[in-house]
Each structure stands twice: as C-alpha cells, then as structure tokens.
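Only one structure is covered here, and it is reproduced in the block below.
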Amino acid sequence: TIITAKHVIDGYDDIITKPDKSEEWKHMPYSSIRVTFSDGQQLIATNVKKSKSYDVAVLTLDVTKIKIKRNPLLISKEREPIGNKLLGAGFPLEYECLLFFGHVTGYHKVLEGEFTGEYMVTEAAFNPGNSGGPILNDKGEVIGMVDWVDRRSAAFNFAITPDVIV
C-alpha cells in the first residue's frame, strides 16, 4: 500500500514509449497509475482510493510482483511537538532525490474550502515533486505528508498529520 497526496494522481499523465522508441504523453485513468520505485521497477496500481475530505490517495499494488522487499515506514501515533526537527525527501522540480529539513512550527485549522481540517505547519522547503512524500521525525517515524504551500510566504508549508493518513 502506498499513501500519497490525491493531487499527485489527479489528471495523471504518463510518458508512453511507442514501438519505434519515440515517446508521447498520454492521459492515464486512475486504474492505470504506474508506480516507479527507486530501482527502476514499475508496477500498475491494482486499486486506487481517494479521500473525500482530505488530499489523500491510497494505492494498492500486487505485492507478489515486487522484487525488492522494503520495510514499511512506521507512522507516529502521537502529534509531533512544536519545535521538533523534521526531515523528508522527494524529487522536487524533477531533480534526483533531495532531502529537506526544518521544524514543526505549528498546527493550523482550515475551516473552509475543499480540504478542511488540521494541518502541521513547517518552514521546511516544499517544492513541486515533494507532494505526497513522507515527513519524518528523528526516530524515523512518519509525522506528516507533504501537501501544500501558502504561496504568499516562503515559510508556511503544510502537511497532513498522521491521524488523517491512517
């Protein structure tokens, strides 16, 4: 099971390699979402569920086809205290996997709009390509999932909290 941000898979497009080795963009329906692992292995999601209340999507993969077994990330059962350090990784702006780090700077309730609820706030640098990725504490536990940036400021970035992820 892979948990990511719903906006990562909405309107999902993929590059298709044609028999003549040329490539073209093709819109892929939700049932055909391709997951690419860091070792290059690719699998098509067998099931996709999207939250109605939050920017969360759950992708199910056929585990019998996964060649390399990895330990799953553990999700923290407690809210991370304000001031604690955090780190994460992603593929921002199509660069290779890069780390970001920062602190939990607070929690913010969104009371109206498409996604209402409480979010963790951080000054960690989120960029396109980080969305849906895990945010970890110093114990390696997932304390959030990268979600959105308030474009009015470089210091207000928002993550979905663990209670929503599970």
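Naming scheme: A, B, ... for chains in displayed order of the structure tokens; residues 1 onward per chain; ligands 1 onward as shown.
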
Open item on the list: So that I can check the surroundings of segment 37-49 of chain A, please list as an MDAnalysis selection string every protein, DNA and RNA residue that reaches within 9 Å of it, counting only C-alpha atoms and ignoring chain neighbours fewer than 5 positions away.
Closed with: chainID A and resid 30:32 56:62 65:68

Open item on the list: For the structure I just gave you, how does DSSP split segment 6-165 of chain A - specifically, which residues are alpha helix (DSSP H)? Reply as a PyMOL selection string.
Closed with: chain A and resi 6-9+162-165

- [ ] Could you give me the residues within chain A that DSSP places in strand (DSSP E), as a PyMOL selection string?
- [x] chain A and resi 2-4+13-17+23-27+34-36+42-44+47-50+57-60+85-90+98-110+117-122+134-136+142-149+157-160

- [ ] To one decimal in Å, tell me the separation between atom CA of Asp147 of chain A and atom CA of Val35 of chain A.
- [x]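 Going from atom CA of Asp147 of chain A over to atom CA of Val35 of chain A covers 18.9 Å.
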
With a cut-off of 12 Å, could you pull out the residues of segment 27-90 of chain A touching segment 105-120 of chain A and give me the nearest pair of atoms for each, distance in Å to one decimal, using only C-alpha atoms, ordered by chain and ascending number, as CSV?
```
residue,atom,partner,partner_atom,distance
A:Ser51,CA,A:Phe115,CA,9.9
A:Lys52,CA,A:Phe115,CA,8.5
A:Ser53,CA,A:Phe115,CA,5.8
A:Tyr54,CA,A:Phe115,CA,5.2
A:Asp55,CA,A:Phe115,CA,6.7
A:Val56,CA,A:Phe115,CA,10.0
A:Arg79,CA,A:Met120,CA,9.1
A:Glu80,CA,A:Met120,CA,8.9
A:Pro81,CA,A:Gly106,CA,8.4
A:Ile82,CA,A:Thr105,CA,5.5
A:Gly83,CA,A:Thr105,CA,5.9
A:Asn84,CA,A:Thr105,CA,8.2
A:Lys85,CA,A:Thr105,CA,9.5
A:Leu86,CA,A:Thr105,CA,10.3
```

Resulting file, chosen residues, N, CA, C and O atoms, as a short mmCIF file (atom, residue, chain, number, x, y, z; two decimals), in the first residue's frame:
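Result saved to again.cif:
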```cif
data_model
loop_
_atom_site.label_atom_id
_atom_site.label_comp_id
_atom_site.auth_asym_id
_atom_site.auth_seq_id
_atom_site.Cartn_x
_atom_site.Cartn_y
_atom_site.Cartn_z
N SER A 51 -9.62 10.00 -0.71
CA SER A 51 -10.38 10.57 0.40
C SER A 51 -11.29 11.67 -0.13
O SER A 51 -10.91 12.43 -1.02
N LYS A 52 -12.49 11.76 0.43
CA LYS A 52 -13.40 12.84 0.06
C LYS A 52 -13.12 14.10 0.87
O LYS A 52 -13.45 15.19 0.45
N SER A 53 -12.50 13.93 2.04
CA SER A 53 -12.29 15.06 2.94
C SER A 53 -10.89 15.64 2.90
O SER A 53 -10.69 16.81 3.23
N TYR A 54 -9.91 14.83 2.54
CA TYR A 54 -8.52 15.28 2.56
C TYR A 54 -7.83 14.98 1.24
O TYR A 54 -8.30 14.17 0.44
N ASP A 55 -6.69 15.60 1.05
CA ASP A 55 -5.87 15.41 -0.14
C ASP A 55 -5.03 14.15 0.02
O ASP A 55 -3.81 14.20 0.09
N VAL A 56 -5.70 13.00 0.13
CA VAL A 56 -5.03 11.72 0.38
C VAL A 56 -5.55 10.67 -0.61
O VAL A 56 -6.76 10.58 -0.85
N ARG A 79 1.13 13.30 18.05
CA ARG A 79 1.39 14.56 17.36
C ARG A 79 2.80 15.02 17.71
O ARG A 79 3.20 14.98 18.85
N GLU A 80 3.54 15.43 16.71
CA GLU A 80 4.91 15.89 16.93
C GLU A 80 4.88 17.26 17.60
O GLU A 80 4.18 18.17 17.15
N PRO A 81 5.64 17.44 18.68
CA PRO A 81 5.65 18.72 19.37
C PRO A 81 6.20 19.86 18.52
O PRO A 81 7.11 19.66 17.70
N ILE A 82 5.66 21.04 18.72
CA ILE A 82 6.14 22.23 18.04
C ILE A 82 7.61 22.46 18.42
O ILE A 82 7.98 22.33 19.58
N GLY A 83 8.42 22.76 17.42
CA GLY A 83 9.85 22.99 17.64
C GLY A 83 10.71 21.80 17.28
O GLY A 83 11.91 21.95 17.07
N ASN A 84 10.12 20.61 17.22
CA ASN A 84 10.92 19.43 16.89
C ASN A 84 11.40 19.47 15.44
O ASN A 84 10.72 19.99 14.56
N LYS A 85 12.56 18.86 15.23
CA LYS A 85 13.14 18.79 13.89
C LYS A 85 12.37 17.78 13.04
O LYS A 85 11.82 16.80 13.55
N LEU A 86 12.38 18.02 11.72
CA LEU A 86 11.77 17.08 10.77
C LEU A 86 12.63 17.01 9.53
O LEU A 86 13.46 17.89 9.29
#
```

Task: 10 Å contact set for Phe101 of chain A, only C-alpha atoms, chain neighbours under 4 positions out, as a list in words - done: Lys85, Leu86, Leu87, Gly88, Ala89, Thr122, Glu123, Ala124, Ala125, Phe126, Ile135, Leu136 and Asn137 of chain A

Output of the above residues as a short mmCIF file (atom, residue, chain, number, x, y, z; two decimals), in the first residue's frame, restricted to C-alpha atoms:
```
data_model
loop_
_atom_site.label_atom_id
_atom_site.label_comp_id
_atom_site.auth_asym_id
_atom_site.auth_seq_id
_atom_site.Cartn_x
_atom_site.Cartn_y
_atom_site.Cartn_z
CA LYS A 85 13.14 18.79 13.89
CA LEU A 86 11.77 17.08 10.77
CA LEU A 87 13.16 15.83 7.50
CA GLY A 88 11.88 14.39 4.28
CA ALA A 89 12.90 13.53 0.76
CA THR A 122 6.64 23.90 8.81
CA GLU A 123 9.22 26.21 7.28
CA ALA A 124 10.82 23.23 5.50
CA ALA A 125 11.19 23.90 1.78
CA PHE A 126 8.43 22.12 -0.14
CA ILE A 135 7.91 13.80 6.65
CA LEU A 136 9.91 12.03 9.36
CA ASN A 137 10.96 12.80 12.91
#
```

- [ ] Could you check which of A:Pro162, A:Pro72, A:Gly90, A:Pro19 is closest to Val142 of chain A, using only C-alpha atoms?
- [x]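 Using only C-alpha atoms, the shortest distance to Val142 of chain A belongs to A:Pro162.
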
Task: Atomic distance atom CA of Lys6 of chain A - atom CA of Phe91 of chain A, expressed in Å with one decimal - done: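 Taking atom CA of Lys6 of chain A and atom CA of Phe91 of chain A, their separation equals 16.8 Å.
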
Task: Residue among A:Asp150, A:Ala159, A:Leu74, A:Glu96 lying closest to Gly132 of chain A, counting only C-alpha atoms - done: A:Ala159

TODO: Please measure the separation of atom CA of Phe100 of chain A and atom CA of Gly129 of chain A, giving the value in Å to one decimal.
DONE: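 Atom CA of Gly129 of chain A lies at a distance of 12.0 Å from atom CA of Phe100 of chain A.
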